[in-house]
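Here is the file my_file-v2.cif (mmCIF, C-alpha atoms (C1' of nucleotides)).
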data_coords
loop_
_atom_site.label_atom_id
_atom_site.label_comp_id
_atom_site.auth_asym_id
_atom_site.auth_seq_id
_atom_site.Cartn_x
_atom_site.Cartn_y
_atom_site.Cartn_z
CA MET Y 1 93.18 187.50 52.57
CA PRO Y 2 95.89 186.42 50.16
CA ARG Y 3 95.57 186.08 46.42
CA ALA Y 4 92.14 187.63 46.01
CA ALA Y 5 90.03 186.59 42.99
CA ASP Y 6 86.52 187.73 42.08
CA HIS Y 7 84.57 184.75 43.31
CA GLU Y 8 81.32 185.65 41.63
CA GLN Y 9 82.96 186.36 38.31
CA ARG Y 10 85.00 183.13 38.33
CA ARG Y 11 81.97 181.07 39.21
CA PHE Y 12 79.98 182.69 36.43
CA GLU Y 13 82.64 181.97 33.83
CA ILE Y 14 82.60 178.32 34.75
CA VAL Y 15 78.82 178.08 34.84
CA ALA Y 16 78.67 179.75 31.43
CA GLY Y 17 80.81 176.89 30.16
CA LEU Y 18 78.48 174.46 31.87
CA TRP Y 19 75.46 175.95 30.13
CA GLN Y 20 77.13 175.59 26.74
CA ILE Y 21 77.91 171.95 27.39
CA VAL Y 22 74.35 171.28 28.56
CA ALA Y 23 72.89 173.02 25.51
CA GLU Y 24 75.13 171.11 23.13
CA GLN Y 25 75.35 167.67 24.73
CA GLY Y 26 72.75 167.65 27.48
CA ILE Y 27 73.48 167.16 31.17
CA GLU Y 28 74.98 163.81 30.22
CA GLY Y 29 77.82 165.70 28.60
CA VAL Y 30 78.74 167.48 31.83
CA SER Y 31 81.95 166.37 33.48
CA LEU Y 32 84.49 168.34 35.47
CA ARG Y 33 86.83 168.03 32.51
CA THR Y 34 84.44 168.98 29.70
CA VAL Y 35 83.16 172.01 31.58
CA ALA Y 36 86.67 173.14 32.49
CA THR Y 37 87.82 172.80 28.89
CA ARG Y 38 84.78 174.64 27.54
CA ALA Y 39 85.20 177.44 30.06
CA GLY Y 40 88.89 177.64 29.19
CA VAL Y 41 90.08 176.97 32.71
CA SER Y 42 91.82 174.14 34.48
CA MET Y 43 89.96 171.33 36.09
CA GLY Y 44 91.54 172.24 39.40
CA ARG Y 45 89.86 175.64 39.21
CA VAL Y 46 86.45 174.08 38.74
CA GLN Y 47 87.05 171.86 41.73
CA HIS Y 48 88.24 174.79 43.76
CA TYR Y 49 85.09 176.83 43.16
CA PHE Y 50 82.46 174.10 43.21
CA GLY Y 51 83.96 171.15 45.02
CA THR Y 52 81.93 168.38 43.47
CA LYS Y 53 80.26 167.81 40.12
CA ASP Y 54 76.90 167.76 41.84
CA ALA Y 55 77.42 171.19 43.38
CA LEU Y 56 78.44 172.51 39.97
CA VAL Y 57 75.30 171.15 38.35
CA VAL Y 58 73.09 172.63 41.06
CA ALA Y 59 74.85 175.97 40.73
CA GLY Y 60 73.99 175.86 37.02
CA ILE Y 61 70.24 175.92 37.58
CA ASP Y 62 70.55 178.24 40.55
CA LEU Y 63 72.29 180.90 38.48
CA LEU Y 64 69.90 180.41 35.58
CA VAL Y 65 66.93 181.09 37.83
CA LYS Y 66 68.63 184.09 39.45
CA ARG Y 67 69.26 185.60 36.02
CA ALA Y 68 65.61 185.20 35.06
CA VAL Y 69 64.53 186.84 38.31
CA ILE Y 70 66.84 189.79 37.68
CA GLU Y 71 65.42 190.26 34.19
CA TYR Y 72 61.90 190.12 35.54
CA ASP Y 73 62.65 192.58 38.33
CA ALA Y 74 63.80 195.03 35.69
CA THR Y 75 60.19 195.27 34.49
CA GLU Y 76 59.03 196.68 37.80
CA GLY Y 77 56.87 199.77 37.42
CA ARG Y 78 55.59 198.72 34.00
CA PRO Y 79 51.85 198.02 33.60
CA PRO Y 80 50.64 194.59 34.81
CA GLN Y 81 49.74 193.51 31.29
CA ASP Y 82 53.36 194.09 30.21
CA ARG Y 83 54.82 192.24 33.16
CA LEU Y 84 52.45 189.33 32.61
CA LEU Y 85 53.51 189.11 28.98
CA HIS Y 86 57.15 189.21 30.01
CA LEU Y 87 56.63 186.17 32.23
CA LEU Y 88 54.75 184.33 29.50
CA LEU Y 89 57.04 185.21 26.62
CA GLN Y 90 60.46 185.31 28.25
CA GLN Y 91 61.27 181.68 27.56
CA ILE Y 92 60.15 181.51 23.95
CA PRO Y 93 63.41 181.19 22.05
CA ASP Y 94 63.60 184.10 19.62
CA THR Y 95 67.39 184.51 19.67
CA GLU Y 96 70.15 181.93 19.65
CA ALA Y 97 71.13 182.87 23.20
CA GLY Y 98 67.52 182.52 24.23
CA ARG Y 99 67.34 179.12 22.63
CA ILE Y 100 70.39 177.96 24.57
CA GLY Y 101 68.91 179.27 27.79
CA VAL Y 102 65.58 177.55 27.39
CA THR Y 103 67.22 174.34 26.23
CA VAL Y 104 69.25 174.33 29.42
CA TRP Y 105 66.09 175.09 31.39
CA TYR Y 106 64.27 172.02 30.11
CA ALA Y 107 67.35 169.86 30.48
CA TYR Y 108 67.24 170.75 34.15
CA PHE Y 109 63.53 170.08 34.22
CA ALA Y 110 64.24 166.48 33.26
CA LYS Y 111 67.04 166.39 35.79
CA ALA Y 112 64.61 167.54 38.47
CA MET Y 113 62.70 164.27 38.14
CA THR Y 114 65.62 162.43 39.72
CA HIS Y 115 67.41 165.14 41.69
CA ALA Y 116 65.79 166.58 44.80
CA ALA Y 117 67.84 169.77 45.06
CA VAL Y 118 67.24 170.69 41.43
CA ARG Y 119 63.55 169.89 41.81
CA GLN Y 120 63.41 172.15 44.86
CA ILE Y 121 64.87 175.09 42.96
CA LEU Y 122 62.59 174.65 39.96
CA ALA Y 123 59.51 174.15 42.11
CA GLU Y 124 60.24 177.35 43.97
CA ALA Y 125 60.83 179.22 40.73
CA THR Y 126 57.55 178.08 39.19
CA ARG Y 127 55.73 178.85 42.45
CA VAL Y 128 56.98 182.43 42.33
CA GLY Y 129 56.10 182.61 38.64
CA VAL Y 130 52.53 181.58 39.33
CA GLU Y 131 52.19 184.07 42.15
CA GLU Y 132 53.49 186.97 40.12
CA CYS Y 133 51.27 186.10 37.17
CA THR Y 134 48.30 185.83 39.50
CA ARG Y 135 48.97 189.31 40.90
CA HIS Y 136 49.13 190.84 37.45
CA ILE Y 137 45.97 189.11 36.30
CA GLU Y 138 44.11 190.26 39.39
CA GLU Y 139 45.20 193.80 38.71
CA ALA Y 140 44.70 193.82 34.96
CA ASP Y 141 41.44 191.91 34.71
CA GLY Y 142 39.89 192.62 38.09
CA LEU Y 143 39.60 188.93 38.95
CA TYR Y 144 39.62 187.51 42.46
CA GLU Y 145 42.55 185.44 43.66
CA ALA Y 146 41.24 181.91 43.01
CA GLU Y 147 40.08 182.67 39.50
CA ALA Y 148 43.18 184.67 38.65
CA ARG Y 149 45.38 181.89 39.95
CA ALA Y 150 43.68 179.24 37.82
CA ARG Y 151 44.10 181.47 34.80
CA ALA Y 152 47.74 182.11 35.63
CA ILE Y 153 48.47 178.41 35.78
CA GLU Y 154 46.72 177.84 32.47
CA LEU Y 155 48.57 180.64 30.73
CA LEU Y 156 51.92 179.49 32.07
CA ALA Y 157 51.17 175.91 31.09
CA LEU Y 158 50.23 177.06 27.61
CA SER Y 159 53.48 178.99 27.41
CA ASP Y 160 55.46 175.93 28.50
CA GLY Y 161 53.71 173.64 26.05
CA LEU Y 162 54.17 176.03 23.15
CA THR Y 163 57.82 176.49 24.05
CA LEU Y 164 58.37 172.74 23.92
CA ARG Y 165 56.82 172.69 20.48
CA VAL Y 166 59.06 175.49 19.30
CA LEU Y 167 62.08 173.59 20.60
CA ILE Y 168 61.15 170.47 18.70
CA GLY Y 169 60.50 172.48 15.56
CA ASP Y 170 56.76 171.86 15.38
CA ILE Y 171 55.87 175.55 15.33
CA THR Y 172 57.84 178.77 15.05
CA ALA Y 173 58.59 181.21 17.84
CA GLU Y 174 56.34 183.73 16.10
CA GLU Y 175 53.39 181.38 16.08
CA ALA Y 176 53.87 180.60 19.76
CA GLU Y 177 54.08 184.26 20.64
CA ALA Y 178 50.99 185.07 18.62
CA SER Y 179 49.05 182.34 20.35
CA ILE Y 180 50.04 183.59 23.80
CA ARG Y 181 49.24 187.18 22.94
CA ALA Y 182 45.83 186.13 21.66
CA HIS Y 183 45.07 184.30 24.88
CA THR Y 184 46.11 187.16 27.13
CA SER Y 185 44.29 189.91 25.31
CA ARG Y 186 41.14 187.93 24.86
CA ARG Y 187 39.91 185.81 27.72
CA MET Y 188 41.06 182.20 27.72
CA THR Y 189 37.68 180.78 28.71
CA SER Y 190 34.29 182.00 27.64
CA GLY Y 191 32.66 181.33 31.02
CA MET F 1 66.93 128.72 12.51
CA PRO F 2 68.57 127.33 15.63
CA ARG F 3 67.96 128.35 19.19
CA ALA F 4 64.80 130.36 18.57
CA ALA F 5 64.04 133.12 21.05
CA ASP F 6 61.10 135.50 20.93
CA HIS F 7 62.88 138.55 19.65
CA GLU F 8 60.10 140.99 20.38
CA GLN F 9 59.59 139.68 23.90
CA ARG F 10 63.28 139.75 24.76
CA ARG F 11 63.66 143.26 23.44
CA PHE F 12 60.66 144.39 25.42
CA GLU F 13 62.00 142.93 28.66
CA ILE F 14 65.23 144.83 28.23
CA VAL F 15 63.53 148.08 27.25
CA ALA F 16 61.26 147.76 30.29
CA GLY F 17 64.41 147.71 32.39
CA LEU F 18 65.67 150.73 30.49
CA TRP F 19 62.48 152.65 31.27
CA GLN F 20 62.82 151.93 34.96
CA ILE F 21 66.39 153.18 34.98
CA VAL F 22 65.42 156.33 33.09
CA ALA F 23 62.53 157.00 35.46
CA GLU F 24 64.69 156.50 38.54
CA GLN F 25 68.01 157.99 37.48
CA GLY F 26 67.36 159.78 34.21
CA ILE F 27 69.01 158.97 30.90
CA GLU F 28 72.33 159.66 32.61
CA GLY F 29 71.80 156.47 34.60
CA VAL F 30 71.57 154.34 31.48
CA SER F 31 74.50 152.05 30.79
CA LEU F 32 74.62 148.61 29.24
CA ARG F 33 75.36 147.22 32.70
CA THR F 34 72.72 149.06 34.71
CA VAL F 35 69.99 148.23 32.21
CA ALA F 36 71.03 144.59 32.03
CA THR F 37 71.05 144.29 35.81
CA ARG F 38 67.68 146.00 36.15
CA ALA F 39 66.15 143.79 33.47
CA GLY F 40 67.63 140.75 35.18
CA VAL F 41 69.64 139.64 32.16
CA SER F 42 73.29 139.53 31.25
CA MET F 43 75.05 142.37 29.58
CA GLY F 44 75.85 140.10 26.66
CA ARG F 45 72.16 139.68 26.02
CA VAL F 46 71.62 143.42 25.84
CA GLN F 47 74.46 143.72 23.39
CA HIS F 48 73.09 140.88 21.33
CA TYR F 49 69.66 142.44 20.90
CA PHE F 50 70.63 146.09 20.57
CA GLY F 51 74.27 146.20 19.58
CA THR F 52 75.18 149.60 20.94
CA LYS F 53 74.00 151.76 23.82
CA ASP F 54 72.75 154.35 21.36
CA ALA F 55 70.53 151.83 19.57
CA LEU F 56 69.15 150.74 22.94
CA VAL F 57 68.31 154.30 23.92
CA VAL F 58 66.61 154.97 20.59
CA ALA F 59 64.64 151.74 20.91
CA GLY F 60 63.44 153.01 24.28
CA ILE F 61 61.63 156.01 22.82
CA ASP F 62 60.57 154.09 19.74
CA LEU F 63 58.75 151.47 21.80
CA LEU F 64 57.26 154.11 24.09
CA VAL F 65 55.73 155.90 21.12
CA LYS F 66 54.49 152.65 19.60
CA ARG F 67 52.75 151.74 22.85
CA ALA F 68 51.00 155.11 22.95
CA VAL F 69 49.86 154.67 19.35
CA ILE F 70 48.44 151.23 20.12
CA GLU F 71 46.51 152.60 23.08
CA TYR F 72 45.16 155.41 20.96
CA ASP F 73 44.17 153.08 18.12
CA ALA F 74 42.10 151.13 20.63
CA THR F 75 39.79 154.14 20.89
CA GLU F 76 38.80 153.89 17.25
CA GLY F 77 35.09 154.04 16.69
CA ARG F 78 34.45 156.12 19.81
CA PRO F 79 33.05 159.65 19.37
CA PRO F 80 35.56 162.36 18.39
CA GLN F 81 35.15 164.16 21.69
CA ASP F 82 36.25 161.00 23.53
CA ARG F 83 39.23 160.40 21.28
CA LEU F 84 40.30 164.03 21.63
CA LEU F 85 40.15 163.76 25.40
CA HIS F 86 42.18 160.55 25.26
CA LEU F 87 44.95 162.35 23.40
CA LEU F 88 44.88 165.27 25.81
CA LEU F 89 44.63 163.27 29.02
CA GLN F 90 46.70 160.18 28.25
CA GLN F 91 49.94 161.60 29.57
CA ILE F 92 48.65 163.06 32.81
CA PRO F 93 50.12 160.79 35.45
CA ASP F 94 47.23 159.36 37.46
CA THR F 95 48.82 155.99 38.27
CA GLU F 96 52.37 155.12 39.26
CA ALA F 97 52.94 153.34 35.95
CA GLY F 98 51.63 156.38 34.16
CA ARG F 99 53.97 158.60 36.09
CA ILE F 100 56.93 156.47 35.10
CA GLY F 101 55.86 156.57 31.48
CA VAL F 102 55.49 160.31 31.30
CA THR F 103 58.72 160.86 33.23
CA VAL F 104 60.51 158.77 30.65
CA TRP F 105 58.76 160.72 27.91
CA TYR F 106 60.08 164.07 29.10
CA ALA F 107 63.51 162.64 29.76
CA TYR F 108 63.58 161.77 26.08
CA PHE F 109 62.29 165.20 25.22
CA ALA F 110 65.40 166.68 26.79
CA LYS F 111 67.50 164.08 25.02
CA ALA F 112 65.93 165.12 21.71
CA MET F 113 67.59 168.52 21.98
CA THR F 114 70.99 166.90 21.40
CA HIS F 115 70.12 163.66 19.60
CA ALA F 116 68.84 163.81 16.03
CA ALA F 117 67.27 160.34 15.86
CA VAL F 118 65.35 160.83 19.09
CA ARG F 119 64.23 164.27 17.95
CA GLN F 120 63.01 162.76 14.69
CA ILE F 121 60.87 160.19 16.48
CA LEU F 122 59.38 162.73 18.88
CA ALA F 123 58.73 165.25 16.13
CA GLU F 124 56.89 162.64 14.10
CA ALA F 125 54.87 161.57 17.13
CA THR F 126 53.80 165.11 17.97
CA ARG F 127 53.00 165.76 14.30
CA VAL F 128 50.64 162.79 14.25
CA GLY F 129 49.17 163.90 17.56
CA VAL F 130 48.36 167.34 16.20
CA GLU F 131 46.79 165.88 13.07
CA GLU F 132 44.57 163.48 14.96
CA CYS F 133 43.47 166.18 17.37
CA THR F 134 42.75 168.48 14.46
CA ARG F 135 40.55 165.84 12.82
CA HIS F 136 38.53 165.31 15.97
CA ILE F 137 38.07 169.03 16.56
CA GLU F 138 36.92 169.54 12.98
CA GLU F 139 34.39 166.79 13.43
CA ALA F 140 33.22 167.68 16.91
CA ASP F 141 33.09 171.45 16.63
CA GLY F 142 32.54 171.90 12.91
CA LEU F 143 35.62 174.05 12.49
CA TYR F 144 37.64 174.33 9.32
CA GLU F 145 41.13 172.90 9.15
CA ALA F 146 43.22 175.99 9.90
CA GLU F 147 41.17 177.00 12.90
CA ALA F 148 40.90 173.45 14.19
CA ARG F 149 44.64 172.99 13.86
CA ALA F 150 45.45 176.12 15.83
CA ARG F 151 43.09 174.96 18.54
CA ALA F 152 44.62 171.48 18.54
CA ILE F 153 48.09 172.89 19.06
CA GLU F 154 46.86 175.09 21.89
CA LEU F 155 45.07 172.25 23.65
CA LEU F 156 48.06 169.93 23.30
CA ALA F 157 50.39 172.64 24.53
CA LEU F 158 48.15 173.23 27.51
CA SER F 159 48.16 169.52 28.22
CA ASP F 160 51.96 169.42 28.03
CA GLY F 161 52.38 172.41 30.29
CA LEU F 162 49.94 171.11 32.87
CA THR F 163 51.65 167.72 32.82
CA LEU F 164 55.00 169.34 33.57
CA ARG F 165 53.43 171.10 36.54
CA VAL F 166 51.96 167.87 37.82
CA LEU F 167 55.38 166.24 37.52
CA ILE F 168 57.04 168.96 39.55
CA GLY F 169 54.29 168.79 42.14
CA ASP F 170 52.87 172.24 41.52
CA ILE F 171 49.34 170.99 40.87
CA THR F 172 47.61 167.63 41.18
CA ALA F 173 46.64 165.32 38.35
CA GLU F 174 43.00 166.01 39.16
CA GLU F 175 43.44 169.76 38.80
CA ALA F 176 45.20 169.30 35.49
CA GLU F 177 42.50 167.00 34.20
CA ALA F 178 39.76 169.39 35.31
CA SER F 179 41.46 172.26 33.54
CA ILE F 180 41.74 170.31 30.29
CA ARG F 181 38.16 169.11 30.44
CA ALA F 182 36.98 172.66 31.01
CA HIS F 183 38.89 173.88 27.98
CA THR F 184 37.58 171.18 25.69
CA SER F 185 33.92 171.39 26.64
CA ARG F 186 33.85 175.16 26.58
CA ARG F 187 35.63 176.93 23.77
CA MET F 188 39.17 177.97 24.50
CA THR F 189 38.83 181.41 22.94
CA SER F 190 35.85 183.69 23.00
CA GLY F 191 36.40 185.10 19.50
"C1'" DC K 1 109.73 190.67 55.49
"C1'" DC K 2 107.65 186.60 56.59
"C1'" DG K 3 104.59 182.94 57.77
"C1'" DA K 4 99.67 181.97 56.85
"C1'" DT K 5 96.45 181.18 53.48
"C1'" DA K 6 93.76 181.58 49.18
"C1'" DA K 7 94.09 180.11 44.48
"C1'" DC K 8 95.02 177.25 41.77
"C1'" DG K 9 97.62 173.45 38.14
"C1'" DA K 10 99.05 168.83 37.91
"C1'" DT K 11 98.70 164.20 38.72
"C1'" DG K 12 97.24 159.73 40.51
"C1'" DC K 13 93.67 156.32 41.68
"C1'" DG K 14 89.95 153.19 41.70
"C1'" DA K 15 85.62 152.72 39.50
"C1'" DT K 16 82.89 152.59 35.58
"C1'" DC K 17 82.11 153.11 30.92
"C1'" DG K 18 81.10 151.25 25.77
"C1'" DC K 19 82.45 147.88 23.01
"C1'" DA K 20 85.01 143.93 20.86
"C1'" DT K 21 86.13 139.34 21.32
"C1'" DT K 22 85.71 134.59 22.51
"C1'" DG K 23 83.60 130.39 23.26
"C1'" DA K 24 80.06 127.45 24.55
"C1'" DA K 25 75.49 125.78 24.67
"C1'" DA K 26 71.18 125.02 22.10
"C1'" DC K 27 68.53 124.05 18.27
"C1'" DC K 28 66.89 123.49 13.43
"C1'" DT K 29 67.96 121.76 8.76
"C1'" DG K 30 69.58 118.60 5.67
"C1'" DC N 1 73.38 112.77 13.40
"C1'" DA N 2 76.44 116.28 11.50
"C1'" DG N 3 76.99 121.01 10.60
"C1'" DG N 4 75.68 125.58 10.58
"C1'" DT N 5 73.73 129.24 13.05
"C1'" DT N 6 71.56 131.76 16.73
"C1'" DT N 7 71.83 132.98 21.40
"C1'" DC N 8 73.93 134.24 24.66
"C1'" DA N 9 77.64 134.60 29.10
"C1'" DA N 10 82.18 135.93 30.19
"C1'" DT N 11 86.01 138.57 29.89
"C1'" DG N 12 89.40 141.97 28.39
"C1'" DC N 13 90.66 146.67 26.91
"C1'" DG N 14 91.34 151.44 26.43
"C1'" DA N 15 89.02 155.57 27.65
"C1'" DT N 16 86.85 158.45 30.81
"C1'" DC N 17 84.94 159.42 35.04
"C1'" DG N 18 84.75 161.95 39.99
"C1'" DC N 19 87.56 162.98 43.38
"C1'" DA N 20 91.62 163.27 46.56
"C1'" DT N 21 96.04 164.85 46.98
"C1'" DC N 22 100.15 167.44 46.42
"C1'" DG N 23 102.97 171.28 45.21
"C1'" DT N 24 103.46 175.94 43.78
"C1'" DT N 25 102.62 180.72 43.45
"C1'" DA N 26 100.88 184.99 44.85
"C1'" DT N 27 99.26 188.10 48.24
"C1'" DC N 28 98.28 190.39 52.55
"C1'" DG N 29 98.20 191.07 57.67
"C1'" DG N 30 101.33 191.46 61.41
#
Go through the file and emit its structure as structure tokens.
Amino acid sequence: MPRAADHEQRRFEIVAGLWQIVAEQGIEGVSLRTVATRAGVSMGRVQHYFGTKDALVVAGIDLLVKRAVIEYDATEGRPPQDRLLHLLLQQIPDTEAGRIGVTVWYAYFAKAMTHAAVRQILAEATRVGVEECTRHIEEADGLYEAEARARAIELLALSDGLTLRVLIGDITAEEAEASIRAHTSRRMTSG
Amino acid sequence: MPRAADHEQRRFEIVAGLWQIVAEQGIEGVSLRTVATRAGVSMGRVQHYFGTKDALVVAGIDLLVKRAVIEYDATEGRPPQDRLLHLLLQQIPDTEAGRIGVTVWYAYFAKAMTHAAVRQILAEATRVGVEECTRHIEEADGLYEAEARARAIELLALSDGLTLRVLIGDITAEEAEASIRAHTSRRMTSG
DNA sequence: CCGATAACGATGCGATCGCATTGAAACCTG
DNA sequence: CAGGTTTCAATGCGATCGCATCGTTATCGG
């Protein structure tokens, strides 16, 4: 093994540059050259670690999802209500870094409409999100699976919709968070 | 006035081509050439009616919003509950044409993050949407403005979030519609 | 210590891009 | 019917694109 470099670290540095480009210029702004420049590396390096532009783009959403999973896993052991709130509130952009992250997330969501591999990754991520939320709702509210699942989907959808409105500047992050907290402490439906 | 052509009609034909490209390949796929080819016209024509690519892209979201407004205006005179449901259900993709429309809509939503003019148009559209929903909720449920507005934002956010999940294939259009209908007939909060 | 190989940086290529320019029909006005 | 103007189609240009290729350097097993 000659000339060893930390693969994971190098790939992360480049993907971090990718995220910045996506947040600032959208996925349209991504090219091997712009990402390399933003990451402060040569274009040859980007090619070496990702091969094609497409693989680089896919790696961008893959790493973003993995990061979110790691953050969520760190809440293990906490009460179900806490973990549920983490899943519902994690994406609401309260910090600048958070705003970049969620902007990138929704950029990829649009990309998923026309890119099968990206769609696959996002679909899997949302599937896991629904399942985890369902588990916590079952445990916290004593609901059965079907009911808890319907509620999980509704809460996650509400969180998504409110996040979009925060991004466009229609409401503030605080208002979105308050709305979500209200809907999780009280019951969402009266029935 | 020599060589009269129906401006509005010509512009619409081209924008229709633009929408198809956006739905199939995302905004990344938009170029003066691809749109011209898809619309079945020459590239010169596209340039003549829109000048620059940027103006063409902006016209794409502008026309999309205007179409939605026209459809909504057609519900005037119907009971507030009906008009509210129209606003909440309009974007849920039940037909193929509807799916294309809403795909384009969210493609532009991502674009809005990095494009001021697009963001402006979408922000205005959502602002009007919230106001109209608020009016109908006031009238239908007898709520005061502040409460009705909060509920309008929640219902619209729910609709957005469910739509995203339909687009990614997580739930069906029917499930999304059922969820929205349940939340509008019953009260969303118990308090 | 020496080839084999990973890790690049540099460069070239054909394709495509947005846009400007040009010129020719087509049509209405006077 | 002459002239001005709109409506395009065609083409050219410089920039940028993804990607392939080549050459170099550094490192480690044998």
Next on the checklist: Which residues are near DT21 (chain K)? Cut-off 10 Å, only C-alpha atoms (C1' of nucleotides), ignore same chain within fewer than 2 positions. Put them as a PyMOL selection string.
Outcome noted: (chain K and resi 19+23) or (chain N and resi 11-12)
Name the residues in contact with region 83-87 of chain Y at a cut-off of 6 Å, using all atoms listed in the file, excluding same-chain residues fewer than 3 positions from it; report them as a PDB file with C-alpha atoms, in the coordinates of the input.
ATOM      1  CA  PRO Y  80      50.640 194.590  34.810  1.00  0.00           C
ATOM      2  CA  GLN Y  90      60.460 185.310  28.250  1.00  0.00           C
ATOM      3  CA  CYS Y 133      51.270 186.100  37.170  1.00  0.00           C
TER       4      CYS Y 133
END
Item to check | Expansion of the PyMOL selection byres ((chain F) within 12 of (chain N)) into residues, as a count of residues only | outcome: 17
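Between CA of Ala23 (chain F) and CA of Glu154 (chain Y) the interatomic distance comes to 26.3 Å.
CA of Ser159 (chain F) is positioned 6.8 Å from CA of Ile180 (chain F).
Any residue of chain K with an atom within 10 Å of chain Y counts; using all atoms listed in the file, that gives DA4, DT5, DA6, DA7, DC8, DG9 and DA10 of chain K.
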Checklist entry - Which residues match the PyMOL selection byres ((chain Y) within 9 of (chain F)) in the file above, as an MDAnalysis selection string? => result chainID Y and resid 23:28 103:104 106:115 119:120 122:123 126:127 150 153:165 167:170 179 182:183 186:191
Next on the checklist: Report, in Å to a single decimal, how far apart CA of Ala68 (chain Y) and CA of Gln91 (chain Y) are.
Outcome noted: 9.4 Å
Next on the checklist: Please expand the PyMOL selection byres ((chain F and resi 32-35) around 8) into the concrete residues it hits in this file, giving the result as a PyMOL selection string.
Outcome noted: (chain F and resi 14+17-18+21+29-31+36-39+43+46-47+53) or (chain K and resi 18)
Write out N, CA and C atoms for region 67-82 of chain Y, as a short mmCIF file (atom, residue, chain, number, x, y, z; two decimals), keeping the file's coordinate frame.
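Final file, out23.cif:
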data_model
loop_
_atom_site.label_atom_id
_atom_site.label_comp_id
_atom_site.auth_asym_id
_atom_site.auth_seq_id
_atom_site.Cartn_x
_atom_site.Cartn_y
_atom_site.Cartn_z
N ARG Y 67 69.22 184.70 37.18
CA ARG Y 67 69.26 185.60 36.02
C ARG Y 67 67.86 185.96 35.56
N ALA Y 68 66.98 184.96 35.51
CA ALA Y 68 65.61 185.20 35.06
C ALA Y 68 64.90 186.14 36.02
N VAL Y 69 65.16 185.98 37.31
CA VAL Y 69 64.53 186.84 38.31
C VAL Y 69 65.00 188.28 38.14
N ILE Y 70 66.30 188.44 37.88
CA ILE Y 70 66.84 189.79 37.68
C ILE Y 70 66.18 190.46 36.47
N GLU Y 71 66.06 189.70 35.39
CA GLU Y 71 65.42 190.26 34.19
C GLU Y 71 63.99 190.66 34.46
N TYR Y 72 63.30 189.81 35.23
CA TYR Y 72 61.90 190.12 35.54
C TYR Y 72 61.80 191.35 36.43
N ASP Y 73 62.68 191.44 37.42
CA ASP Y 73 62.65 192.58 38.33
C ASP Y 73 62.86 193.90 37.60
N ALA Y 74 63.55 193.81 36.47
CA ALA Y 74 63.80 195.03 35.69
C ALA Y 74 62.53 195.58 35.07
N THR Y 75 61.45 194.80 35.07
CA THR Y 75 60.19 195.27 34.49
C THR Y 75 59.32 195.96 35.53
N GLU Y 76 59.83 196.08 36.74
CA GLU Y 76 59.03 196.68 37.80
C GLU Y 76 58.62 198.10 37.44
N GLY Y 77 57.38 198.45 37.74
CA GLY Y 77 56.87 199.77 37.42
C GLY Y 77 56.07 199.78 36.13
N ARG Y 78 56.35 198.78 35.25
CA ARG Y 78 55.59 198.72 34.00
C ARG Y 78 54.18 198.22 34.28
N PRO Y 79 53.24 198.45 33.38
CA PRO Y 79 51.85 198.02 33.60
C PRO Y 79 51.75 196.50 33.75
N PRO Y 80 50.78 196.03 34.53
CA PRO Y 80 50.64 194.59 34.81
C PRO Y 80 50.54 193.74 33.55
N GLN Y 81 49.87 194.26 32.54
CA GLN Y 81 49.74 193.51 31.29
C GLN Y 81 51.12 193.24 30.67
N ASP Y 82 52.00 194.24 30.73
CA ASP Y 82 53.36 194.09 30.21
C ASP Y 82 54.15 193.06 30.99
#
